[in-house]
$ cat coords24.cif   # mmCIF, N, CA and C atoms
data_start
loop_
_atom_site.label_atom_id
_atom_site.label_comp_id
_atom_site.auth_asym_id
_atom_site.auth_seq_id
_atom_site.Cartn_x
_atom_site.Cartn_y
_atom_site.Cartn_z
N MET A 10 9.48 20.51 4.48
CA MET A 10 8.78 19.44 5.16
C MET A 10 7.42 19.96 5.62
N ASN A 11 6.43 19.11 5.48
CA ASN A 11 5.10 19.37 6.02
C ASN A 11 4.78 18.24 6.98
N PHE A 12 4.07 18.54 8.06
CA PHE A 12 3.72 17.47 8.99
C PHE A 12 2.46 17.82 9.75
N SER A 13 1.89 16.80 10.38
CA SER A 13 0.78 16.97 11.30
C SER A 13 0.92 15.90 12.37
N GLU A 14 0.21 16.09 13.46
CA GLU A 14 0.28 15.16 14.57
C GLU A 14 -0.98 14.30 14.60
N ALA A 15 -0.85 13.08 15.09
CA ALA A 15 -1.98 12.17 15.23
C ALA A 15 -1.85 11.41 16.54
N THR A 16 -2.94 10.81 16.94
CA THR A 16 -2.91 9.93 18.11
C THR A 16 -3.31 8.52 17.67
N GLN A 17 -2.89 7.55 18.44
CA GLN A 17 -3.15 6.15 18.11
C GLN A 17 -4.56 5.77 18.50
N GLY A 18 -5.24 5.10 17.58
CA GLY A 18 -6.58 4.60 17.84
C GLY A 18 -6.56 3.09 18.02
N ARG A 19 -7.52 2.45 17.41
CA ARG A 19 -7.64 0.99 17.50
C ARG A 19 -6.48 0.31 16.75
N ILE A 20 -6.19 -0.91 17.17
CA ILE A 20 -5.20 -1.73 16.47
C ILE A 20 -5.90 -3.00 16.01
N PHE A 21 -5.76 -3.31 14.72
CA PHE A 21 -6.38 -4.49 14.15
C PHE A 21 -5.31 -5.47 13.71
N VAL A 22 -5.54 -6.75 13.99
CA VAL A 22 -4.69 -7.83 13.52
C VAL A 22 -5.53 -8.57 12.47
N ILE A 23 -5.03 -8.60 11.23
CA ILE A 23 -5.81 -9.07 10.08
C ILE A 23 -5.06 -10.20 9.39
N ARG A 24 -5.78 -11.24 9.00
CA ARG A 24 -5.20 -12.27 8.15
C ARG A 24 -5.94 -12.26 6.82
N LEU A 25 -5.21 -11.95 5.76
CA LEU A 25 -5.79 -12.01 4.42
C LEU A 25 -5.68 -13.45 3.91
N GLU A 26 -6.60 -13.82 3.04
CA GLU A 26 -6.70 -15.21 2.57
C GLU A 26 -6.17 -15.37 1.15
N ASP A 27 -5.90 -16.61 0.81
CA ASP A 27 -5.36 -16.99 -0.50
C ASP A 27 -6.18 -16.37 -1.64
N GLY A 28 -5.47 -15.69 -2.55
CA GLY A 28 -6.09 -15.13 -3.74
C GLY A 28 -6.60 -13.71 -3.60
N GLU A 29 -6.72 -13.21 -2.38
CA GLU A 29 -7.21 -11.84 -2.21
C GLU A 29 -6.17 -10.83 -2.71
N ILE A 30 -6.64 -9.68 -3.17
CA ILE A 30 -5.76 -8.60 -3.62
C ILE A 30 -5.54 -7.66 -2.45
N PHE A 31 -4.27 -7.52 -2.04
CA PHE A 31 -3.93 -6.82 -0.80
C PHE A 31 -4.61 -5.47 -0.65
N HIS A 32 -4.33 -4.51 -1.54
CA HIS A 32 -4.83 -3.15 -1.32
C HIS A 32 -6.35 -3.08 -1.40
N GLU A 33 -6.97 -3.90 -2.23
CA GLU A 33 -8.43 -3.88 -2.33
C GLU A 33 -9.08 -4.33 -1.02
N GLU A 34 -8.55 -5.39 -0.43
CA GLU A 34 -9.11 -5.91 0.82
C GLU A 34 -8.91 -4.94 1.98
N ILE A 35 -7.73 -4.33 2.06
CA ILE A 35 -7.47 -3.40 3.16
C ILE A 35 -8.34 -2.15 3.02
N GLU A 36 -8.50 -1.62 1.82
CA GLU A 36 -9.35 -0.44 1.62
C GLU A 36 -10.81 -0.76 1.92
N ARG A 37 -11.27 -1.96 1.54
CA ARG A 37 -12.64 -2.40 1.84
C ARG A 37 -12.83 -2.55 3.36
N PHE A 38 -11.84 -3.16 4.02
CA PHE A 38 -11.88 -3.32 5.48
C PHE A 38 -11.95 -1.96 6.17
N ALA A 39 -11.12 -1.02 5.72
CA ALA A 39 -11.10 0.32 6.33
C ALA A 39 -12.48 0.99 6.23
N LYS A 40 -13.11 0.88 5.08
CA LYS A 40 -14.45 1.47 4.90
C LYS A 40 -15.45 0.84 5.86
N ARG A 41 -15.43 -0.49 5.95
CA ARG A 41 -16.38 -1.20 6.82
C ARG A 41 -16.17 -0.84 8.30
N GLN A 42 -14.92 -0.63 8.70
CA GLN A 42 -14.61 -0.35 10.09
C GLN A 42 -14.61 1.13 10.42
N GLY A 43 -14.82 1.99 9.43
CA GLY A 43 -14.80 3.44 9.67
C GLY A 43 -13.40 3.97 9.95
N ILE A 44 -12.39 3.34 9.35
CA ILE A 44 -11.00 3.77 9.53
C ILE A 44 -10.67 4.75 8.42
N GLU A 45 -10.26 5.95 8.79
CA GLU A 45 -9.90 6.96 7.79
C GLU A 45 -8.40 7.04 7.55
N ARG A 46 -7.62 6.82 8.61
CA ARG A 46 -6.17 6.97 8.52
C ARG A 46 -5.52 5.85 9.33
N ALA A 47 -4.39 5.32 8.80
CA ALA A 47 -3.76 4.20 9.50
C ALA A 47 -2.32 4.01 9.03
N PHE A 48 -1.58 3.30 9.86
CA PHE A 48 -0.25 2.80 9.56
C PHE A 48 -0.39 1.29 9.38
N LEU A 49 0.32 0.71 8.40
CA LEU A 49 0.20 -0.71 8.11
C LEU A 49 1.56 -1.40 8.12
N ASN A 50 1.58 -2.62 8.65
CA ASN A 50 2.76 -3.46 8.60
C ASN A 50 2.28 -4.84 8.14
N VAL A 51 2.99 -5.47 7.20
CA VAL A 51 2.50 -6.72 6.61
C VAL A 51 3.64 -7.71 6.38
N VAL A 52 3.34 -9.00 6.62
CA VAL A 52 4.26 -10.10 6.29
C VAL A 52 3.43 -11.23 5.71
N GLY A 53 4.08 -12.09 4.92
CA GLY A 53 3.37 -13.23 4.36
C GLY A 53 3.91 -13.63 3.02
N GLY A 54 2.99 -14.01 2.12
CA GLY A 54 3.37 -14.48 0.80
C GLY A 54 2.58 -13.78 -0.29
N ALA A 55 3.28 -13.48 -1.40
CA ALA A 55 2.65 -12.92 -2.60
C ALA A 55 2.69 -13.97 -3.69
N ASP A 56 1.60 -14.11 -4.42
CA ASP A 56 1.48 -15.16 -5.42
C ASP A 56 2.04 -14.75 -6.78
N ARG A 57 2.29 -15.74 -7.58
CA ARG A 57 2.70 -15.56 -8.99
C ARG A 57 1.68 -14.64 -9.67
N GLY A 58 2.19 -13.74 -10.50
CA GLY A 58 1.32 -12.82 -11.22
C GLY A 58 1.04 -11.53 -10.47
N SER A 59 1.46 -11.44 -9.20
CA SER A 59 1.32 -10.18 -8.46
C SER A 59 2.13 -9.11 -9.17
N ARG A 60 1.64 -7.88 -9.11
CA ARG A 60 2.29 -6.79 -9.84
C ARG A 60 2.68 -5.66 -8.88
N LEU A 61 3.91 -5.16 -9.05
CA LEU A 61 4.44 -4.06 -8.25
C LEU A 61 4.90 -2.94 -9.17
N VAL A 62 4.67 -1.70 -8.76
CA VAL A 62 5.26 -0.56 -9.45
C VAL A 62 6.66 -0.41 -8.88
N VAL A 63 7.68 -0.51 -9.75
CA VAL A 63 9.07 -0.56 -9.31
C VAL A 63 9.87 0.68 -9.72
N GLY A 64 9.19 1.75 -10.05
CA GLY A 64 9.87 3.00 -10.35
C GLY A 64 9.41 3.61 -11.66
N PRO A 65 9.84 4.82 -11.89
CA PRO A 65 9.57 5.44 -13.20
C PRO A 65 10.60 4.95 -14.21
N GLU A 66 10.22 4.96 -15.49
CA GLU A 66 11.18 4.55 -16.53
C GLU A 66 12.41 5.45 -16.51
N GLU A 67 12.19 6.74 -16.35
CA GLU A 67 13.30 7.71 -16.26
C GLU A 67 13.07 8.57 -15.02
N SER A 68 14.14 8.82 -14.29
CA SER A 68 14.05 9.47 -12.99
C SER A 68 13.33 10.81 -12.99
N ARG A 69 13.63 11.70 -13.89
CA ARG A 69 13.07 13.05 -13.86
C ARG A 69 12.26 13.41 -15.11
N ALA A 70 11.87 12.42 -15.89
CA ALA A 70 11.12 12.68 -17.11
C ALA A 70 9.66 12.99 -16.81
N THR A 71 9.05 13.79 -17.66
CA THR A 71 7.61 14.01 -17.59
C THR A 71 7.03 13.75 -18.97
N PRO A 72 5.92 13.08 -19.08
CA PRO A 72 5.17 12.55 -17.95
C PRO A 72 5.90 11.37 -17.29
N ILE A 73 5.49 11.05 -16.08
CA ILE A 73 6.08 9.94 -15.34
C ILE A 73 5.47 8.64 -15.87
N ASN A 74 6.31 7.76 -16.37
CA ASN A 74 5.86 6.46 -16.87
C ASN A 74 6.29 5.37 -15.90
N PRO A 75 5.33 4.79 -15.16
CA PRO A 75 5.70 3.77 -14.18
C PRO A 75 6.15 2.48 -14.82
N MET A 76 7.09 1.81 -14.17
CA MET A 76 7.51 0.46 -14.56
C MET A 76 6.79 -0.52 -13.64
N VAL A 77 6.24 -1.56 -14.22
CA VAL A 77 5.52 -2.57 -13.45
C VAL A 77 6.25 -3.90 -13.58
N HIS A 78 6.47 -4.55 -12.44
CA HIS A 78 7.14 -5.84 -12.40
C HIS A 78 6.13 -6.90 -11.96
N GLU A 79 6.08 -8.01 -12.68
CA GLU A 79 5.19 -9.11 -12.32
C GLU A 79 6.01 -10.24 -11.70
N LEU A 80 5.55 -10.73 -10.55
CA LEU A 80 6.26 -11.82 -9.87
C LEU A 80 6.09 -13.12 -10.65
N TYR A 81 7.18 -13.84 -10.85
CA TYR A 81 7.19 -15.06 -11.66
C TYR A 81 6.77 -16.31 -10.88
N ASP A 82 6.70 -16.20 -9.54
CA ASP A 82 6.28 -17.33 -8.70
C ASP A 82 5.98 -16.78 -7.31
N ALA A 83 5.62 -17.64 -6.37
CA ALA A 83 5.35 -17.20 -5.00
C ALA A 83 6.61 -16.59 -4.38
N HIS A 84 6.43 -15.52 -3.59
CA HIS A 84 7.53 -14.82 -2.93
C HIS A 84 7.17 -14.57 -1.47
N GLU A 85 8.18 -14.59 -0.60
CA GLU A 85 8.03 -14.14 0.78
C GLU A 85 7.98 -12.62 0.75
N ILE A 86 7.16 -12.00 1.60
CA ILE A 86 7.03 -10.54 1.55
C ILE A 86 7.10 -9.91 2.94
N VAL A 87 7.50 -8.64 2.93
CA VAL A 87 7.39 -7.76 4.08
C VAL A 87 7.09 -6.38 3.53
N GLY A 88 6.21 -5.65 4.20
CA GLY A 88 5.86 -4.33 3.68
C GLY A 88 5.42 -3.40 4.79
N THR A 89 5.50 -2.12 4.48
CA THR A 89 5.05 -1.10 5.41
C THR A 89 4.45 0.05 4.62
N GLY A 90 3.44 0.69 5.19
CA GLY A 90 2.80 1.77 4.46
C GLY A 90 1.73 2.48 5.28
N THR A 91 0.92 3.23 4.56
CA THR A 91 -0.09 4.06 5.19
C THR A 91 -1.42 3.93 4.45
N LEU A 92 -2.46 4.40 5.11
CA LEU A 92 -3.79 4.51 4.53
C LEU A 92 -4.32 5.89 4.90
N PHE A 93 -4.66 6.69 3.89
CA PHE A 93 -5.25 8.01 4.09
C PHE A 93 -6.36 8.21 3.07
N PRO A 94 -7.35 9.05 3.38
CA PRO A 94 -8.43 9.28 2.42
C PRO A 94 -7.96 10.16 1.27
N ASP A 95 -8.57 9.93 0.09
CA ASP A 95 -8.29 10.82 -1.04
C ASP A 95 -9.23 12.03 -0.95
N ASN A 96 -9.21 12.88 -1.97
CA ASN A 96 -10.01 14.09 -1.95
C ASN A 96 -11.51 13.81 -1.96
N GLU A 97 -11.92 12.58 -2.25
CA GLU A 97 -13.34 12.20 -2.21
C GLU A 97 -13.70 11.41 -0.95
N GLY A 98 -12.72 11.24 -0.05
CA GLY A 98 -12.97 10.53 1.20
C GLY A 98 -12.77 9.03 1.14
N ASN A 99 -12.31 8.50 0.01
CA ASN A 99 -12.07 7.06 -0.11
C ASN A 99 -10.72 6.69 0.50
N PRO A 100 -10.66 5.59 1.27
CA PRO A 100 -9.38 5.17 1.83
C PRO A 100 -8.45 4.67 0.73
N VAL A 101 -7.18 5.14 0.76
CA VAL A 101 -6.20 4.76 -0.25
C VAL A 101 -4.95 4.24 0.45
N VAL A 102 -4.58 2.99 0.14
CA VAL A 102 -3.36 2.39 0.66
C VAL A 102 -2.17 2.86 -0.17
N HIS A 103 -1.10 3.25 0.52
CA HIS A 103 0.20 3.48 -0.13
C HIS A 103 1.19 2.64 0.66
N LEU A 104 1.58 1.50 0.09
CA LEU A 104 2.43 0.56 0.80
C LEU A 104 3.48 0.02 -0.15
N HIS A 105 4.72 -0.03 0.32
CA HIS A 105 5.80 -0.63 -0.44
C HIS A 105 6.13 -1.97 0.18
N MET A 106 6.35 -2.93 -0.71
CA MET A 106 6.54 -4.31 -0.29
C MET A 106 7.84 -4.84 -0.91
N ALA A 107 8.63 -5.52 -0.09
CA ALA A 107 9.79 -6.24 -0.60
C ALA A 107 9.38 -7.70 -0.76
N CYS A 108 9.63 -8.25 -1.95
CA CYS A 108 9.23 -9.61 -2.28
C CYS A 108 10.48 -10.41 -2.65
N GLY A 109 10.73 -11.50 -1.92
CA GLY A 109 11.94 -12.27 -2.16
C GLY A 109 11.66 -13.72 -2.45
N ARG A 110 12.50 -14.28 -3.31
CA ARG A 110 12.48 -15.72 -3.60
C ARG A 110 13.92 -16.12 -3.89
N GLU A 111 14.41 -17.09 -3.13
CA GLU A 111 15.82 -17.49 -3.21
C GLU A 111 16.68 -16.24 -3.03
N GLU A 112 17.61 -15.99 -3.96
CA GLU A 112 18.51 -14.83 -3.81
C GLU A 112 17.98 -13.58 -4.49
N ASN A 113 16.75 -13.61 -5.01
CA ASN A 113 16.20 -12.46 -5.73
C ASN A 113 15.19 -11.70 -4.88
N THR A 114 15.29 -10.38 -4.90
CA THR A 114 14.33 -9.54 -4.20
C THR A 114 13.95 -8.37 -5.08
N VAL A 115 12.67 -8.03 -5.08
CA VAL A 115 12.18 -6.85 -5.77
C VAL A 115 11.31 -6.08 -4.79
N THR A 116 11.42 -4.76 -4.83
CA THR A 116 10.64 -3.90 -3.94
C THR A 116 9.84 -2.92 -4.77
N GLY A 117 8.59 -2.71 -4.39
CA GLY A 117 7.78 -1.75 -5.13
C GLY A 117 6.47 -1.47 -4.44
N CYS A 118 5.68 -0.60 -5.07
CA CYS A 118 4.37 -0.20 -4.56
C CYS A 118 3.32 -1.23 -4.99
N VAL A 119 2.38 -1.53 -4.11
CA VAL A 119 1.40 -2.60 -4.33
C VAL A 119 0.18 -2.19 -5.15
N ARG A 120 0.06 -0.95 -5.57
CA ARG A 120 -1.15 -0.45 -6.23
C ARG A 120 -1.55 -1.20 -7.50
N SER A 121 -0.62 -1.88 -8.16
CA SER A 121 -0.96 -2.60 -9.39
C SER A 121 -1.58 -3.97 -9.13
N GLY A 122 -1.57 -4.41 -7.86
CA GLY A 122 -2.26 -5.65 -7.53
C GLY A 122 -1.35 -6.76 -7.05
N VAL A 123 -1.22 -6.90 -5.74
CA VAL A 123 -0.46 -8.00 -5.15
C VAL A 123 -1.48 -9.01 -4.60
N ARG A 124 -1.39 -10.23 -5.12
CA ARG A 124 -2.31 -11.30 -4.75
C ARG A 124 -1.68 -12.14 -3.62
N VAL A 125 -2.49 -12.42 -2.60
CA VAL A 125 -2.05 -13.21 -1.45
C VAL A 125 -1.75 -14.65 -1.87
N TRP A 126 -0.58 -15.15 -1.45
CA TRP A 126 -0.24 -16.56 -1.58
C TRP A 126 -0.48 -17.18 -0.22
N HIS A 127 -1.52 -17.91 -0.07
CA HIS A 127 -2.00 -18.57 1.15
C HIS A 127 -2.37 -17.59 2.26
N ILE A 128 -1.40 -16.83 2.80
CA ILE A 128 -1.76 -15.87 3.85
C ILE A 128 -0.89 -14.63 3.78
N MET A 129 -1.46 -13.53 4.26
CA MET A 129 -0.70 -12.33 4.60
C MET A 129 -1.24 -11.88 5.94
N GLU A 130 -0.33 -11.50 6.80
CA GLU A 130 -0.70 -11.00 8.12
C GLU A 130 -0.46 -9.50 8.15
N VAL A 131 -1.47 -8.77 8.60
CA VAL A 131 -1.41 -7.30 8.60
C VAL A 131 -1.70 -6.80 10.00
N VAL A 132 -0.88 -5.86 10.47
CA VAL A 132 -1.20 -5.12 11.68
C VAL A 132 -1.51 -3.70 11.23
N LEU A 133 -2.73 -3.26 11.50
CA LEU A 133 -3.20 -1.94 11.11
C LEU A 133 -3.39 -1.11 12.37
N VAL A 134 -2.70 0.02 12.45
CA VAL A 134 -2.82 0.92 13.59
C VAL A 134 -3.56 2.16 13.12
N GLU A 135 -4.75 2.37 13.66
CA GLU A 135 -5.57 3.52 13.29
C GLU A 135 -4.94 4.81 13.83
N LEU A 136 -4.96 5.85 13.01
CA LEU A 136 -4.47 7.17 13.40
C LEU A 136 -5.66 8.10 13.57
N LEU A 137 -5.75 8.74 14.73
CA LEU A 137 -6.89 9.61 15.05
C LEU A 137 -6.44 11.06 15.22
N ASN A 138 -7.42 11.95 15.29
CA ASN A 138 -7.18 13.38 15.53
C ASN A 138 -6.20 13.95 14.51
N ASN A 139 -6.48 13.66 13.25
CA ASN A 139 -5.62 14.09 12.16
C ASN A 139 -6.48 14.34 10.93
N THR A 140 -6.06 15.28 10.08
CA THR A 140 -6.84 15.62 8.88
C THR A 140 -6.06 15.38 7.59
N ALA A 141 -4.92 14.71 7.66
CA ALA A 141 -4.13 14.45 6.46
C ALA A 141 -4.95 13.69 5.42
N ARG A 142 -4.69 14.01 4.14
CA ARG A 142 -5.38 13.31 3.06
C ARG A 142 -4.52 13.32 1.81
N ARG A 143 -4.90 12.51 0.83
CA ARG A 143 -4.21 12.46 -0.45
C ARG A 143 -4.94 13.36 -1.43
N MET A 144 -4.19 14.30 -2.01
CA MET A 144 -4.78 15.26 -2.95
C MET A 144 -4.08 15.15 -4.30
N PRO A 145 -4.82 15.33 -5.40
CA PRO A 145 -4.21 15.28 -6.73
C PRO A 145 -3.12 16.34 -6.89
N ASP A 146 -2.03 15.93 -7.51
CA ASP A 146 -0.91 16.84 -7.79
C ASP A 146 -0.73 16.89 -9.31
N ARG A 147 -0.91 18.08 -9.88
CA ARG A 147 -0.82 18.22 -11.34
C ARG A 147 0.55 17.86 -11.89
N ALA A 148 1.59 18.25 -11.20
CA ALA A 148 2.96 18.05 -11.71
C ALA A 148 3.31 16.57 -11.87
N THR A 149 2.89 15.74 -10.92
CA THR A 149 3.27 14.33 -10.95
C THR A 149 2.14 13.41 -11.43
N GLY A 150 0.91 13.86 -11.28
CA GLY A 150 -0.23 13.00 -11.57
C GLY A 150 -0.56 12.07 -10.42
N PHE A 151 0.17 12.18 -9.31
CA PHE A 151 -0.07 11.34 -8.14
C PHE A 151 -1.07 12.00 -7.21
N LYS A 152 -1.64 11.19 -6.31
CA LYS A 152 -2.40 11.74 -5.19
C LYS A 152 -1.42 11.80 -4.02
N LEU A 153 -0.92 13.02 -3.74
CA LEU A 153 0.11 13.18 -2.72
C LEU A 153 -0.49 13.42 -1.35
N LEU A 154 0.22 12.95 -0.33
CA LEU A 154 -0.21 13.16 1.05
C LEU A 154 -0.03 14.63 1.42
N VAL A 155 -1.10 15.22 1.92
CA VAL A 155 -1.07 16.59 2.43
C VAL A 155 -1.34 16.50 3.93
N PRO A 156 -0.25 16.64 4.73
CA PRO A 156 -0.41 16.44 6.18
C PRO A 156 -1.29 17.49 6.82
#

$ encode --input "coords24.cif" --output "structure tokens"
Amino acid sequence: MNFSEATQGRIFVIRLEDGEIFHEEIERFAKRQGIERAFLNVVGGADRGSRLVVGPEESRATPINPMVHELYDAHEIVGTGTLFPDNEGNPVVHLHMACGREENTVTGCVRSGVRVWHIMEVVLVELLNNTARRMPDRATGFKLLVP
């Protein structure tokens, strides 16, 4: 286990609008507000055509081939995640979202593009006094959090 400590900074209450792409808007907002690190909590709706990464094709295979799931219609959502800078200082959202419609639910990472259905509500808690960042990892090809 690796860890670091942080303190709580500003808290933002955000409403995303119909058609916006979740991670793009949050990363743009973070840049404008000077937010480098944060915790995110989100509820609302995801629109048809939204895409989630729902796992690798094979658990331990290399290279890692992600599976992408596209939502077939509007879904209710809840998600939680983080925002940390990459090795170039750009804010990067890593958030997993559960999307449900009737008795069906799918959970995955939002990096492939989740489009807002009417509204999404986000509470963003800024993390201060911390140097954690996402760094490239050769073995996985991911930008992993280095606390």

$ closest_residue --input "coords24.cif" --among "A:Val51, A:Ala39, A:Val87, A:Ala15" --to "Glu130 (chain A)" --atoms "all atoms listed in the file"
A:Val51

$ residues_near_point --input "coords24.cif" --point "(-3.0, 0.0, -9.4)" --cutoff "10 Å" --atoms "only C-alpha atoms" --output "PyMOL selection string"
chain A and resi 32-33+60-62+77+118-123

$ closest_residue --input "coords24.cif" --among "A:Asn96, A:Thr114, A:Ser59, A:Ser68" --to "Tyr81 (chain A)" --atoms "only N, CA and C atoms"
A:Ser59

$ atom_distance --input "coords24.cif" --atom1 "CA of Ile23 (chain A)" --atom2 "CA of Glu97 (chain A)"
25.7 Å

$ resolve_selection --input "coords24.cif" --expression "the PyMOL selection byres ((chain A and resi 103) around 8)" --output "ChimeraX atom specification"
/A:32,89-93,100-102,104-106,118-120

$ closest_residue --input "coords24.cif" --among "A:Val22, A:Ala70, A:Val115, A:Met144" --to "Pro94 (chain A)" --atoms "all atoms listed in the file"
A:Met144

$ atom_distance --input "coords24.cif" --atom1 "atom C of Val52 (chain A)" --atom2 "atom C of Gln17 (chain A)"
22.7 Å

$ atom_distance --input "coords24.cif" --atom1 "CA of Thr116 (chain A)" --atom2 "CA of Glu29 (chain A)"
19.6 Å

$ resolve_selection --input "coords24.cif" --expression "the PyMOL selection byres ((chain A and resi 128) around 5)" --output "PyMOL selection string"
chain A and resi 25+27+53-54+126-127+129-130
